[in-house]
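Source file target38.cif; content: mmCIF, C-alpha atoms and all ligand atoms.
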data_model
loop_
_atom_site.label_atom_id
_atom_site.label_comp_id
_atom_site.auth_asym_id
_atom_site.auth_seq_id
_atom_site.Cartn_x
_atom_site.Cartn_y
_atom_site.Cartn_z
CA SER F 217 13.22 15.13 3.21
CA ARG F 218 15.38 14.56 0.14
CA LYS F 219 14.82 15.43 -3.49
CA TYR F 220 14.34 12.49 -5.86
CA ARG F 221 14.64 12.30 -9.63
CA ALA F 222 11.45 11.72 -11.62
CA PHE F 223 12.93 8.65 -13.33
CA PRO F 224 16.42 7.49 -14.22
CA PRO F 225 18.10 9.42 -17.04
CA VAL F 226 18.06 7.39 -20.24
CA GLY F 227 20.86 9.28 -21.98
CA LEU F 228 19.06 9.61 -25.31
CA LYS F 229 18.35 13.00 -26.90
CA ASP F 230 15.39 11.82 -28.94
CA ARG F 231 13.86 9.87 -26.07
CA THR F 232 10.30 8.79 -26.82
CA TRP F 233 9.87 6.68 -23.74
CA PRO F 234 8.77 6.15 -21.11
CA ASP F 235 5.55 7.45 -22.62
CA ARG F 236 3.69 7.21 -19.34
CA VAL F 237 4.72 7.97 -15.81
CA ILE F 238 2.69 8.66 -12.70
CA THR F 239 2.83 12.37 -12.00
CA ARG F 240 0.37 12.62 -9.12
CA PRO F 241 -0.78 10.22 -6.44
CA PRO F 242 -4.05 8.33 -6.76
CA VAL F 243 -6.74 8.63 -4.12
CA TRP F 244 -5.73 6.09 -1.48
CA MET F 245 -8.28 3.83 0.14
CA SER F 246 -7.28 1.58 3.03
CA THR F 247 -9.17 -1.65 3.37
CA ASP F 248 -7.02 -2.86 6.27
CA LEU F 249 -10.02 -2.97 8.55
CA ARG F 250 -12.18 -4.92 6.07
CA ASP F 251 -10.28 -7.00 3.47
CA GLY F 252 -7.19 -7.08 5.71
CA ASN F 253 -9.22 -7.95 8.77
CA GLN F 254 -11.23 -10.72 7.13
CA ALA F 255 -7.97 -12.52 6.30
CA LEU F 256 -6.68 -12.78 9.87
CA PHE F 257 -6.57 -15.93 12.01
CA GLU F 258 -8.13 -13.82 14.70
CA PRO F 259 -10.14 -10.89 13.35
CA MET F 260 -9.65 -7.63 15.22
CA ASN F 261 -11.93 -6.60 18.05
CA VAL F 262 -13.38 -3.11 18.36
CA ALA F 263 -10.46 -1.74 20.40
CA THR F 264 -7.84 -3.11 17.99
CA LYS F 265 -9.77 -1.77 15.02
CA MET F 266 -9.86 1.64 16.65
CA ARG F 267 -6.11 1.57 17.22
CA LEU F 268 -5.41 0.67 13.60
CA PHE F 269 -8.01 3.18 12.34
CA GLU F 270 -6.22 5.96 14.21
CA THR F 271 -2.89 4.90 12.74
CA ILE F 272 -4.32 4.87 9.22
CA VAL F 273 -5.73 8.35 9.83
CA ARG F 274 -2.33 9.55 11.07
CA VAL F 275 -0.67 8.17 7.95
CA GLY F 276 -3.01 10.45 5.98
CA VAL F 277 -5.40 8.06 4.23
CA LYS F 278 -8.68 9.89 3.65
CA GLU F 279 -10.94 6.98 2.67
CA ILE F 280 -11.02 4.01 5.04
CA GLU F 281 -13.12 0.88 4.61
CA VAL F 282 -13.90 0.11 8.23
CA GLY F 283 -15.76 -3.16 7.90
CA PHE F 284 -18.66 -5.27 6.67
CA PRO F 285 -21.21 -4.32 9.34
CA SER F 286 -24.05 -6.45 8.00
CA ALA F 287 -21.87 -9.55 8.23
CA SER F 288 -20.13 -9.00 11.57
CA GLN F 289 -21.40 -7.73 14.90
CA ILE F 290 -17.92 -6.47 15.77
CA ASP F 291 -17.87 -4.42 12.57
CA TYR F 292 -21.35 -3.12 13.28
CA ASP F 293 -20.35 -2.08 16.80
CA PHE F 294 -17.16 -0.51 15.51
CA VAL F 295 -19.02 1.62 12.96
CA ARG F 296 -21.45 2.72 15.67
CA LYS F 297 -18.60 3.65 18.00
CA LEU F 298 -16.85 5.67 15.31
CA ILE F 299 -20.02 7.64 14.65
CA GLU F 300 -21.40 7.97 18.18
CA GLU F 301 -18.06 8.95 19.71
CA ASP F 302 -17.28 11.30 16.84
CA ARG F 303 -13.95 9.57 16.10
CA ILE F 304 -13.88 10.35 12.37
CA PRO F 305 -11.89 13.46 11.41
CA GLU F 306 -13.70 15.96 9.16
CA ASP F 307 -11.56 15.16 6.14
CA VAL F 308 -11.82 11.37 6.47
CA THR F 309 -14.64 9.31 4.94
CA ILE F 310 -15.51 5.88 6.25
CA GLU F 311 -16.59 3.15 3.86
CA VAL F 312 -18.51 -0.06 4.51
CA LEU F 313 -18.98 -3.12 2.34
CA THR F 314 -22.26 -4.86 1.60
CA GLN F 315 -23.33 -7.64 -0.68
CA ALA F 316 -26.13 -6.84 -3.10
CA ARG F 317 -28.84 -8.28 -0.81
CA GLU F 318 -31.89 -6.55 0.58
CA ASP F 319 -31.49 -7.56 4.25
CA LEU F 320 -27.77 -6.78 4.27
CA ILE F 321 -28.29 -3.38 2.69
CA ALA F 322 -30.91 -2.50 5.32
CA ARG F 323 -28.55 -3.47 8.13
CA THR F 324 -25.70 -1.55 6.50
CA PHE F 325 -27.70 1.68 6.49
CA GLU F 326 -28.75 1.04 10.07
CA SER F 327 -25.08 0.83 11.06
CA LEU F 328 -24.39 4.20 9.41
CA ARG F 329 -27.16 6.20 11.10
CA GLY F 330 -25.91 9.71 11.92
CA ALA F 331 -22.71 9.49 9.86
CA ARG F 332 -21.56 12.82 8.41
CA ARG F 333 -20.30 11.25 5.17
CA ALA F 334 -20.03 7.61 4.15
CA ILE F 335 -19.21 5.43 1.17
CA VAL F 336 -21.56 2.48 0.73
CA HIS F 337 -19.73 -0.19 -1.23
CA MET F 338 -21.93 -2.76 -2.93
CA TYR F 339 -20.56 -5.77 -4.78
CA ASN F 340 -21.85 -8.82 -6.54
CA ALA F 341 -20.21 -11.55 -8.55
CA THR F 342 -20.03 -11.01 -12.30
CA ALA F 343 -17.29 -13.43 -13.37
CA PRO F 344 -18.27 -16.45 -15.49
CA ALA F 345 -17.01 -19.04 -13.00
CA PHE F 346 -19.29 -17.56 -10.32
CA ARG F 347 -22.23 -17.20 -12.72
CA ARG F 348 -21.95 -20.79 -13.84
CA ILE F 349 -20.70 -22.68 -10.81
CA VAL F 350 -21.79 -20.72 -7.74
CA PHE F 351 -24.99 -18.83 -8.64
CA ASN F 352 -26.31 -20.37 -11.85
CA MET F 353 -27.09 -16.97 -13.34
CA THR F 354 -26.90 -15.43 -16.80
CA PRO F 355 -25.16 -12.07 -17.38
CA ASP F 356 -28.60 -10.44 -17.65
CA GLN F 357 -29.62 -11.86 -14.28
CA VAL F 358 -26.38 -10.64 -12.73
CA ARG F 359 -27.07 -7.15 -14.08
CA GLU F 360 -30.67 -7.23 -12.85
CA LEU F 361 -29.53 -8.24 -9.36
CA ALA F 362 -27.05 -5.35 -9.27
CA VAL F 363 -29.63 -2.86 -10.55
CA ARG F 364 -32.33 -3.98 -8.10
CA ASN F 365 -29.99 -3.56 -5.14
CA ALA F 366 -28.50 -0.31 -6.45
CA ARG F 367 -32.08 1.05 -6.38
CA LEU F 368 -32.51 -0.13 -2.80
CA ILE F 369 -29.30 1.67 -1.81
CA LYS F 370 -30.53 4.87 -3.40
CA GLU F 371 -33.86 4.57 -1.55
CA HIS F 372 -32.21 3.96 1.82
CA ALA F 373 -29.88 6.90 1.28
CA ALA F 374 -32.82 9.17 0.51
CA ARG F 375 -34.35 8.18 3.86
CA GLN F 376 -31.16 9.20 5.73
CA PRO F 377 -30.53 12.69 4.31
CA GLU F 378 -28.38 13.81 7.26
CA THR F 379 -25.51 11.84 5.67
CA GLU F 380 -23.59 12.80 2.57
CA TRP F 381 -23.62 9.53 0.64
CA VAL F 382 -21.12 8.27 -1.87
CA PHE F 383 -21.98 5.06 -3.71
CA GLN F 384 -19.40 2.50 -4.79
CA TYR F 385 -19.90 -0.58 -6.95
CA SER F 386 -17.53 -3.52 -7.51
CA PRO F 387 -18.09 -6.28 -10.09
CA GLU F 388 -16.45 -9.16 -8.27
CA VAL F 389 -13.53 -10.80 -9.93
CA PHE F 390 -13.44 -8.02 -12.47
CA SER F 391 -10.09 -9.47 -13.53
CA GLY F 392 -11.92 -12.61 -14.68
CA THR F 393 -15.07 -10.98 -16.11
CA GLU F 394 -15.63 -10.47 -19.86
CA LEU F 395 -15.19 -6.73 -20.44
CA PRO F 396 -18.55 -6.14 -22.18
CA VAL F 397 -20.33 -7.92 -19.31
CA ALA F 398 -18.50 -5.79 -16.71
CA LYS F 399 -19.27 -2.60 -18.63
CA ASP F 400 -22.91 -3.55 -19.05
CA VAL F 401 -23.41 -4.14 -15.31
CA VAL F 402 -21.46 -1.04 -14.25
CA ASP F 403 -23.31 1.20 -16.73
CA ALA F 404 -26.64 -0.17 -15.54
CA VAL F 405 -25.77 0.48 -11.88
CA MET F 406 -24.64 4.00 -12.76
CA ASP F 407 -27.92 4.56 -14.64
CA VAL F 408 -29.64 3.98 -11.30
CA TRP F 409 -27.29 6.10 -9.19
CA GLN F 410 -27.03 8.92 -11.77
CA PRO F 411 -23.68 10.31 -10.58
CA THR F 412 -22.58 13.72 -11.83
CA PRO F 413 -19.14 15.32 -12.17
CA GLU F 414 -19.92 17.22 -8.96
CA ARG F 415 -21.21 14.18 -7.12
CA LYS F 416 -19.29 11.21 -8.43
CA ALA F 417 -19.80 7.51 -7.77
CA ILE F 418 -16.90 5.11 -7.36
CA VAL F 419 -16.48 2.18 -9.75
CA ASN F 420 -14.01 -0.27 -8.29
CA LEU F 421 -12.43 -2.93 -10.50
CA PRO F 422 -11.11 -5.70 -8.27
CA ALA F 423 -8.50 -8.22 -9.27
CA THR F 424 -10.17 -10.34 -6.60
CA VAL F 425 -7.77 -12.98 -7.79
CA GLU F 426 -4.73 -11.77 -9.69
CA MET F 427 -4.91 -13.76 -12.92
CA SER F 428 -2.56 -12.23 -15.43
CA THR F 429 0.56 -10.23 -15.99
CA PRO F 430 0.05 -6.70 -14.69
CA ASN F 431 -0.11 -5.13 -18.16
CA ILE F 432 -3.21 -7.22 -18.93
CA TYR F 433 -5.00 -6.01 -15.81
CA ALA F 434 -4.00 -2.47 -16.77
CA ASP F 435 -5.38 -3.06 -20.28
CA GLN F 436 -8.67 -4.23 -18.76
CA VAL F 437 -8.81 -1.10 -16.59
CA GLU F 438 -7.94 1.08 -19.57
CA TRP F 439 -10.71 -0.47 -21.63
CA MET F 440 -13.22 0.39 -18.91
CA HIS F 441 -11.72 3.87 -18.60
CA ARG F 442 -12.33 4.40 -22.32
CA HIS F 443 -15.72 2.73 -22.62
CA LEU F 444 -17.73 3.42 -19.45
CA LYS F 445 -20.75 5.58 -20.21
CA ARG F 446 -20.39 8.22 -17.49
CA ARG F 447 -16.63 8.35 -17.11
CA ASP F 448 -16.55 12.00 -16.07
CA SER F 449 -18.93 11.24 -13.20
CA ILE F 450 -16.96 8.24 -11.96
CA VAL F 451 -13.95 7.83 -9.72
CA LEU F 452 -12.28 4.79 -11.30
CA SER F 453 -10.77 2.63 -8.58
CA VAL F 454 -8.59 -0.48 -8.61
CA HIS F 455 -8.30 -3.21 -6.01
CA PRO F 456 -5.42 -5.54 -6.86
CA HIS F 457 -4.69 -8.72 -4.93
CA ASN F 458 -1.25 -10.24 -5.05
CA ASP F 459 -1.75 -13.87 -6.12
CA ARG F 460 0.99 -13.68 -8.76
CA GLY F 461 3.16 -11.40 -6.65
CA THR F 462 2.65 -8.46 -9.01
CA ALA F 463 -0.04 -6.41 -7.29
CA VAL F 464 2.18 -3.35 -6.92
CA ALA F 465 3.07 -3.40 -10.62
CA ALA F 466 -0.58 -4.00 -11.50
CA ALA F 467 -1.68 -0.98 -9.48
CA GLU F 468 1.03 1.24 -10.93
CA LEU F 469 0.20 0.25 -14.50
CA ALA F 470 -3.52 0.60 -13.79
CA VAL F 471 -2.99 4.17 -12.58
CA MET F 472 -1.02 4.89 -15.76
CA ALA F 473 -3.92 3.35 -17.69
CA GLY F 474 -6.51 5.71 -16.21
CA ALA F 475 -7.38 4.64 -12.65
CA ASP F 476 -7.92 7.47 -10.16
CA ARG F 477 -7.91 5.55 -6.93
CA VAL F 478 -6.21 2.51 -5.35
CA GLU F 479 -7.57 0.26 -2.62
CA GLY F 480 -5.08 -1.74 -0.60
CA CYS F 481 -3.61 -2.48 2.82
CA LEU F 482 -0.60 -1.35 4.78
CA PHE F 483 2.32 -3.70 4.09
CA GLY F 484 0.09 -5.84 1.87
CA ASN F 485 -2.12 -7.62 4.37
CA GLY F 486 -5.34 -9.11 2.92
CA GLU F 487 -6.92 -12.29 1.62
CA ARG F 488 -4.44 -15.07 0.63
CA THR F 489 -1.32 -13.33 -0.71
CA GLY F 490 -2.75 -10.00 0.35
CA ASN F 491 -4.12 -6.81 -1.11
CA VAL F 492 -1.74 -4.46 -2.85
CA ASP F 493 0.69 -2.87 -0.41
CA LEU F 494 -0.16 0.82 -0.05
CA VAL F 495 3.16 1.57 1.63
CA THR F 496 5.27 0.24 -1.22
CA LEU F 497 3.09 2.02 -3.76
CA ALA F 498 3.34 5.31 -1.90
CA LEU F 499 7.09 5.13 -1.34
CA ASN F 500 7.70 4.02 -4.93
CA LEU F 501 6.07 7.28 -5.94
CA TYR F 502 8.05 9.18 -3.33
CA SER F 503 11.33 7.76 -4.63
CA GLN F 504 10.45 9.13 -8.09
CA GLY F 505 9.87 12.64 -6.81
CA VAL F 506 6.06 12.46 -6.49
CA HIS F 507 4.88 13.06 -2.95
CA PRO F 508 2.22 10.45 -2.21
CA GLY F 509 0.42 12.62 0.32
CA LEU F 510 0.94 9.93 2.97
CA ASP F 511 3.25 10.22 5.94
CA PHE F 512 5.72 7.40 6.52
CA SER F 513 8.30 9.56 8.26
CA ASP F 514 8.21 7.09 11.16
CA ILE F 515 7.63 3.88 9.24
CA ASN F 516 8.75 1.68 12.13
CA ALA F 517 5.97 3.01 14.36
CA VAL F 518 3.38 2.27 11.67
CA ALA F 519 4.84 -1.21 11.15
CA ARG F 520 4.79 -2.01 14.86
CA THR F 521 1.12 -1.04 15.16
CA VAL F 522 0.17 -3.07 12.09
CA GLU F 523 2.09 -6.09 13.36
CA GLU F 524 0.48 -5.87 16.77
CA CYS F 525 -3.03 -5.39 15.39
CA THR F 526 -2.80 -8.11 12.75
CA GLN F 527 -0.53 -10.48 14.68
CA LEU F 528 1.38 -10.97 11.45
CA PRO F 529 5.10 -10.25 11.11
CA ILE F 530 6.49 -8.09 8.33
CA HIS F 531 9.19 -9.79 6.31
CA PRO F 532 12.73 -8.46 6.99
CA ARG F 533 13.17 -7.80 3.28
CA HIS F 534 9.81 -6.09 2.77
CA PRO F 535 10.41 -2.96 0.64
CA TYR F 536 11.15 0.21 2.61
CA VAL F 537 10.23 -1.24 6.01
CA GLY F 538 11.92 -4.62 6.51
CA ASP F 539 14.68 -4.78 9.10
CA LEU F 540 17.27 -5.54 6.41
CA VAL F 541 16.32 -3.19 3.61
CA PHE F 542 18.77 -0.43 4.50
CA THR F 543 21.53 -2.85 5.34
CA ALA F 544 24.49 -3.70 3.16
CA PHE F 545 26.37 -6.90 3.90
CA SER F 546 28.88 -7.02 1.08
CA GLY F 547 32.07 -5.00 1.18
CA SER F 548 31.71 -3.42 -2.25
CA HIS F 549 28.20 -2.23 -1.41
CA GLN F 550 29.38 -0.83 1.89
CA ASP F 551 32.21 1.01 0.20
CA ALA F 552 29.93 2.53 -2.43
CA ILE F 553 27.41 3.61 0.22
CA ARG F 554 30.12 5.22 2.30
CA LYS F 555 31.38 7.21 -0.69
CA GLY F 556 27.83 8.09 -1.69
CA MET F 557 26.98 9.34 1.79
CA ALA F 558 30.11 11.46 1.87
CA ALA F 559 29.37 12.99 -1.53
CA GLN F 560 25.64 13.54 -1.00
CA ARG F 561 24.67 17.20 -0.61
CA ALA F 562 21.48 18.04 1.28
CA ASP F 563 19.95 20.07 -1.57
CA ALA F 564 20.95 17.72 -4.41
CA TYR F 565 19.01 14.77 -5.81
CA TRP F 566 19.49 11.64 -3.74
CA GLU F 567 22.22 9.60 -5.34
CA VAL F 568 23.64 7.17 -2.84
CA PRO F 569 24.36 3.83 -4.54
CA TYR F 570 22.30 0.84 -3.42
CA LEU F 571 19.89 2.96 -1.37
CA PRO F 572 16.76 3.90 -3.33
CA ILE F 573 15.79 6.48 -0.73
CA ASP F 574 17.42 8.19 2.21
CA PRO F 575 16.56 5.93 5.17
CA ALA F 576 16.14 9.06 7.28
CA ASP F 577 13.08 10.02 5.20
CA VAL F 578 11.22 7.05 6.69
CA GLY F 579 12.70 7.52 10.16
CA ARG F 580 15.39 4.90 9.78
CA THR F 581 18.96 5.60 10.74
CA TYR F 582 22.24 5.31 8.94
CA ASP F 583 23.59 3.25 11.80
CA SER F 584 21.88 0.15 10.58
CA ILE F 585 23.05 0.52 7.00
CA VAL F 586 26.47 -1.04 7.26
CA ARG F 587 27.08 -4.30 9.02
CA VAL F 588 30.31 -6.17 9.00
CA ASN F 589 30.72 -9.90 8.50
CA SER F 590 33.35 -12.08 6.85
CA GLN F 591 32.22 -10.84 3.39
CA SER F 592 32.78 -7.18 4.19
CA GLY F 593 35.60 -5.02 2.96
CA LYS F 594 37.43 -2.16 4.53
CA GLY F 595 34.92 0.47 3.39
CA GLY F 596 32.14 -0.65 5.70
CA ILE F 597 34.47 -1.02 8.64
CA ALA F 598 35.82 2.48 8.11
CA PHE F 599 32.29 3.85 7.78
CA LEU F 600 31.10 2.35 11.06
CA LEU F 601 34.11 3.54 13.02
CA GLU F 602 33.93 7.00 11.48
CA THR F 603 30.17 7.55 11.98
CA GLY F 604 29.97 5.76 15.33
CA TYR F 605 33.23 6.75 16.99
CA GLY F 606 34.62 9.65 14.99
CA LEU F 607 37.66 7.61 14.01
CA VAL F 608 39.04 8.56 10.59
CA MET F 609 41.47 5.82 9.59
CA PRO F 610 44.23 6.40 7.06
CA ARG F 611 43.98 4.06 4.09
CA ARG F 612 46.87 1.83 5.13
CA LEU F 613 45.39 1.35 8.55
CA GLN F 614 42.03 0.48 6.97
CA VAL F 615 43.67 -2.32 5.01
CA GLU F 616 45.56 -3.62 8.01
CA PHE F 617 42.63 -3.44 10.41
CA SER F 618 40.19 -5.05 7.96
CA ALA F 619 42.46 -8.13 7.89
CA ALA F 620 42.08 -8.38 11.69
CA VAL F 621 38.30 -7.98 11.36
CA GLN F 622 38.10 -10.73 8.72
CA ARG F 623 40.02 -13.10 11.00
CA VAL F 624 37.58 -12.52 13.88
CA ALA F 625 34.52 -12.76 11.61
CA ASP F 626 35.83 -16.00 10.04
CA ALA F 627 36.58 -17.49 13.43
CA THR F 628 33.22 -16.61 15.02
CA GLY F 629 31.09 -16.91 11.87
CA THR F 630 29.04 -13.94 13.06
CA GLU F 631 28.51 -10.31 12.28
CA LEU F 632 30.46 -7.58 14.07
CA SER F 633 28.60 -4.59 15.44
CA ALA F 634 30.11 -1.11 15.42
CA GLN F 635 30.81 -1.58 19.11
CA ALA F 636 32.61 -4.88 18.53
CA LEU F 637 34.71 -3.23 15.84
CA TRP F 638 35.63 -0.43 18.20
CA GLU F 639 36.59 -2.90 20.93
CA LEU F 640 38.75 -4.84 18.50
CA PHE F 641 40.36 -1.66 17.24
CA SER F 642 41.05 -0.57 20.83
CA GLU F 643 42.63 -3.94 21.64
CA GLU F 644 44.82 -3.90 18.54
CA TYR F 645 45.94 -0.28 18.55
CA LEU F 646 44.98 1.62 21.68
CA VAL F 647 45.38 -0.67 24.67
CA PRO F 648 49.04 -0.66 25.69
O1 LIG J 1 -11.32 -8.63 -3.83
C1 LIG J 1 -12.50 -8.29 -3.99
O2 LIG J 1 -13.12 -8.53 -5.03
C2 LIG J 1 -13.15 -7.60 -2.91
C3 LIG J 1 -14.46 -7.00 -3.24
C4 LIG J 1 -15.45 -7.18 -2.18
C5 LIG J 1 -14.27 -5.59 -3.66
O3 LIG J 1 -12.60 -7.46 -1.84
ZN ZN J 2 -10.40 -7.89 -2.05
#
Would you kindly transcribe this structure into structure tokens?
Ligand code: KIV
Ligand code: ZN
Amino acid sequence: SRKYRAFPPVGLKDRTWPDRVITRPPVWMSTDLRDGNQALFEPMNVATKMRLFETIVRVGVKEIEVGFPSASQIDYDFVRKLIEEDRIPEDVTIEVLTQAREDLIARTFESLRGARRAIVHMYNATAPAFRRIVFNMTPDQVRELAVRNARLIKEHAARQPETEWVFQYSPEVFSGTELPVAKDVVDAVMDVWQPTPERKAIVNLPATVEMSTPNIYADQVEWMHRHLKRRDSIVLSVHPHNDRGTAVAAAELAVMAGADRVEGCLFGNGERTGNVDLVTLALNLYSQGVHPGLDFSDINAVARTVEECTQLPIHPRHPYVGDLVFTAFSGSHQDAIRKGMAAQRADAYWEVPYLPIDPADVGRTYDSIVRVNSQSGKGGIAFLLETGYGLVMPRRLQVEFSAAVQRVADATGTELSAQALWELFSEEYLVP
């Protein structure tokens, strides 16, 4: 794979910014099989979940939320199958969601019988709209509910000592909860669980609904990072949704603001506008020279599996994976790419104009980079004939032949493939 610069050079000697960059990847948690799954027209069955689980494992995610077993029989059966058939690699931890309710917690622990290691993820609503409109509860009552059920979780865990338990708590719609209320509930839950630096608990701060510009969410996360009572015993996690279209930025700023862990889905599946896209986050890091610890060297294979399991198509312009994202249509772009490719040395920083990363690093090919239509110039045409057919055209011939290409493209109104270009070239210059 290529080398990438940490961030663009700013050209100032006394540079004081950027004052924060991400220098190591967060812990990744995939909730494709839970948050992603609950947002599908047709939720996945056990076999489909297993297929996607195995893909997520292959990508390298080490924490995977596999379902909500107390709410769905399919999820319950899936958790049982994972455990009974020993499908969970040693270095992967499964996670399950539960509401803060006695019967659901009991069923959750039943589903996890015999697990080697598991994260039990409890949540309850803390945001004022829920307190007032949905549950008619005061902040104190919300805290008491969380504490009561946190105790139950601890008791159940003590009765199943064969499992290494990790506890996770989410105040729901953290993004809409008053910070002192969120802190009060989280601190109270942690008082029950008593995490230590050796045995941490996870505090997850969901932007259940994305409500603000990403810097505000990051400020909220930073405030918790600075004010939580047992910060050194907590893995601080974020869970951005994408209602304003800024979940990736929100996650990146939140990591800069102190978060250790990010929950999201491959290609941004999830409720409404989706959870934050783990692939974009990971490859954004990669393109800045920070290896994300995830493997997207065959991104198309991952995309195909996700599309088949979710029955949702990935947009052709989706960052890093869309069909069109390594394609240049305009002539000036094609020309710059061609020159960049020619100048690029294998051991130098990646520097090809218009291409943020080397497509080969995600298993894409150069062939699809340059397409020729009526907007294209001679550079792209020359590139396709050179890379596809070994034809190096002198400059004058490039100019002459590109006029012929433009005429055909104008007349047909379509794009010309490398093969069509070669056929046209053969007709014009080679066939007697
Ligand atoms: O978005 C959300 O708040 C959730 C919680 C259950 C963590 O998915
Ligand atoms: Zn969510």
What's the separation between atom CA of F:Ser633 and atom CA of F:Ser546, in Å to one decimal place?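 Rounded to one decimal, the two atoms are 14.6 Å apart.
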Do you know which residues are at most 6 Å from stretch 500-515 of chain F counting all atoms listed in the file, after dropping those on the same chain fewer than 4 positions away, and could you put them as a PyMOL selection string? chain F and resi 220-223+241+275-276+496+577-579
Got a sec to check which residues lie within 8 Å of ligand LIG 1 (chain J), using all atoms listed in the file, and send them as a PyMOL selection string? chain F and resi 251+313+338-340+386-390+420-425+455-457+487+491
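Atom CA of F:Ile321 sits 6.8 Å away from atom CA of F:Ile369.
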Out of F:Met557, F:Trp566, F:Gly480, F:Ala417, which residue has the shortest atom-to-atom distance to ligand ZN 2 (chain J) when counting all atoms listed in the file?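 Closest candidate: F:Gly480.
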Keeping N, CA and C atoms, write stretch 597-614 of chain F of the structure just shown out as a PDB file, in the first residue's frame.
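Everything below was put into decode-v4.pdb:
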ATOM      1  N   ILE F 597      -7.801  10.167 -23.256  1.00  0.00           N
ATOM      2  CA  ILE F 597      -7.790   9.239 -24.401  1.00  0.00           C
ATOM      3  C   ILE F 597      -6.416   8.586 -24.502  1.00  0.00           C
ATOM      4  N   ALA F 598      -5.386   9.413 -24.400  1.00  0.00           N
ATOM      5  CA  ALA F 598      -4.022   8.894 -24.488  1.00  0.00           C
ATOM      6  C   ALA F 598      -3.759   7.906 -23.355  1.00  0.00           C
ATOM      7  N   PHE F 599      -4.258   8.236 -22.163  1.00  0.00           N
ATOM      8  CA  PHE F 599      -4.036   7.357 -21.006  1.00  0.00           C
ATOM      9  C   PHE F 599      -4.659   5.981 -21.241  1.00  0.00           C
ATOM     10  N   LEU F 600      -5.899   5.971 -21.703  1.00  0.00           N
ATOM     11  CA  LEU F 600      -6.584   4.683 -21.890  1.00  0.00           C
ATOM     12  C   LEU F 600      -5.894   3.844 -22.960  1.00  0.00           C
ATOM     13  N   LEU F 601      -5.480   4.463 -24.028  1.00  0.00           N
ATOM     14  CA  LEU F 601      -4.839   3.688 -25.092  1.00  0.00           C
ATOM     15  C   LEU F 601      -3.447   3.215 -24.668  1.00  0.00           C
ATOM     16  N   GLU F 602      -2.786   4.030 -23.848  1.00  0.00           N
ATOM     17  CA  GLU F 602      -1.449   3.640 -23.408  1.00  0.00           C
ATOM     18  C   GLU F 602      -1.534   2.499 -22.390  1.00  0.00           C
ATOM     19  N   THR F 603      -2.419   2.663 -21.371  1.00  0.00           N
ATOM     20  CA  THR F 603      -2.477   1.627 -20.320  1.00  0.00           C
ATOM     21  C   THR F 603      -3.180   0.373 -20.829  1.00  0.00           C
ATOM     22  N   GLY F 604      -4.170   0.523 -21.705  1.00  0.00           N
ATOM     23  CA  GLY F 604      -4.928  -0.640 -22.147  1.00  0.00           C
ATOM     24  C   GLY F 604      -4.296  -1.357 -23.324  1.00  0.00           C
ATOM     25  N   TYR F 605      -3.655  -0.606 -24.211  1.00  0.00           N
ATOM     26  CA  TYR F 605      -3.196  -1.217 -25.470  1.00  0.00           C
ATOM     27  C   TYR F 605      -1.730  -0.946 -25.772  1.00  0.00           C
ATOM     28  N   GLY F 606      -1.039  -0.316 -24.841  1.00  0.00           N
ATOM     29  CA  GLY F 606       0.391  -0.074 -25.024  1.00  0.00           C
ATOM     30  C   GLY F 606       0.706   0.912 -26.141  1.00  0.00           C
ATOM     31  N   LEU F 607      -0.284   1.711 -26.512  1.00  0.00           N
ATOM     32  CA  LEU F 607      -0.077   2.642 -27.623  1.00  0.00           C
ATOM     33  C   LEU F 607       0.373   4.004 -27.077  1.00  0.00           C
ATOM     34  N   VAL F 608       1.590   4.397 -27.387  1.00  0.00           N
ATOM     35  CA  VAL F 608       2.074   5.712 -26.962  1.00  0.00           C
ATOM     36  C   VAL F 608       1.958   6.647 -28.164  1.00  0.00           C
ATOM     37  N   MET F 609       1.015   7.599 -28.045  1.00  0.00           N
ATOM     38  CA  MET F 609       0.759   8.477 -29.198  1.00  0.00           C
ATOM     39  C   MET F 609       1.606   9.732 -29.123  1.00  0.00           C
ATOM     40  N   PRO F 610       2.239  10.124 -30.220  1.00  0.00           N
ATOM     41  CA  PRO F 610       2.891  11.436 -30.226  1.00  0.00           C
ATOM     42  C   PRO F 610       1.847  12.538 -30.023  1.00  0.00           C
ATOM     43  N   ARG F 611       2.306  13.680 -29.538  1.00  0.00           N
ATOM     44  CA  ARG F 611       1.383  14.741 -29.157  1.00  0.00           C
ATOM     45  C   ARG F 611       0.460  15.184 -30.305  1.00  0.00           C
ATOM     46  N   ARG F 612       1.056  15.296 -31.504  1.00  0.00           N
ATOM     47  CA  ARG F 612       0.225  15.762 -32.626  1.00  0.00           C
ATOM     48  C   ARG F 612      -0.888  14.785 -32.948  1.00  0.00           C
ATOM     49  N   LEU F 613      -0.550  13.506 -32.818  1.00  0.00           N
ATOM     50  CA  LEU F 613      -1.551  12.475 -33.094  1.00  0.00           C
ATOM     51  C   LEU F 613      -2.653  12.498 -32.014  1.00  0.00           C
ATOM     52  N   GLN F 614      -2.233  12.792 -30.779  1.00  0.00           N
ATOM     53  CA  GLN F 614      -3.222  12.901 -29.697  1.00  0.00           C
ATOM     54  C   GLN F 614      -4.268  13.958 -30.034  1.00  0.00           C
TER      55      GLN F 614
END
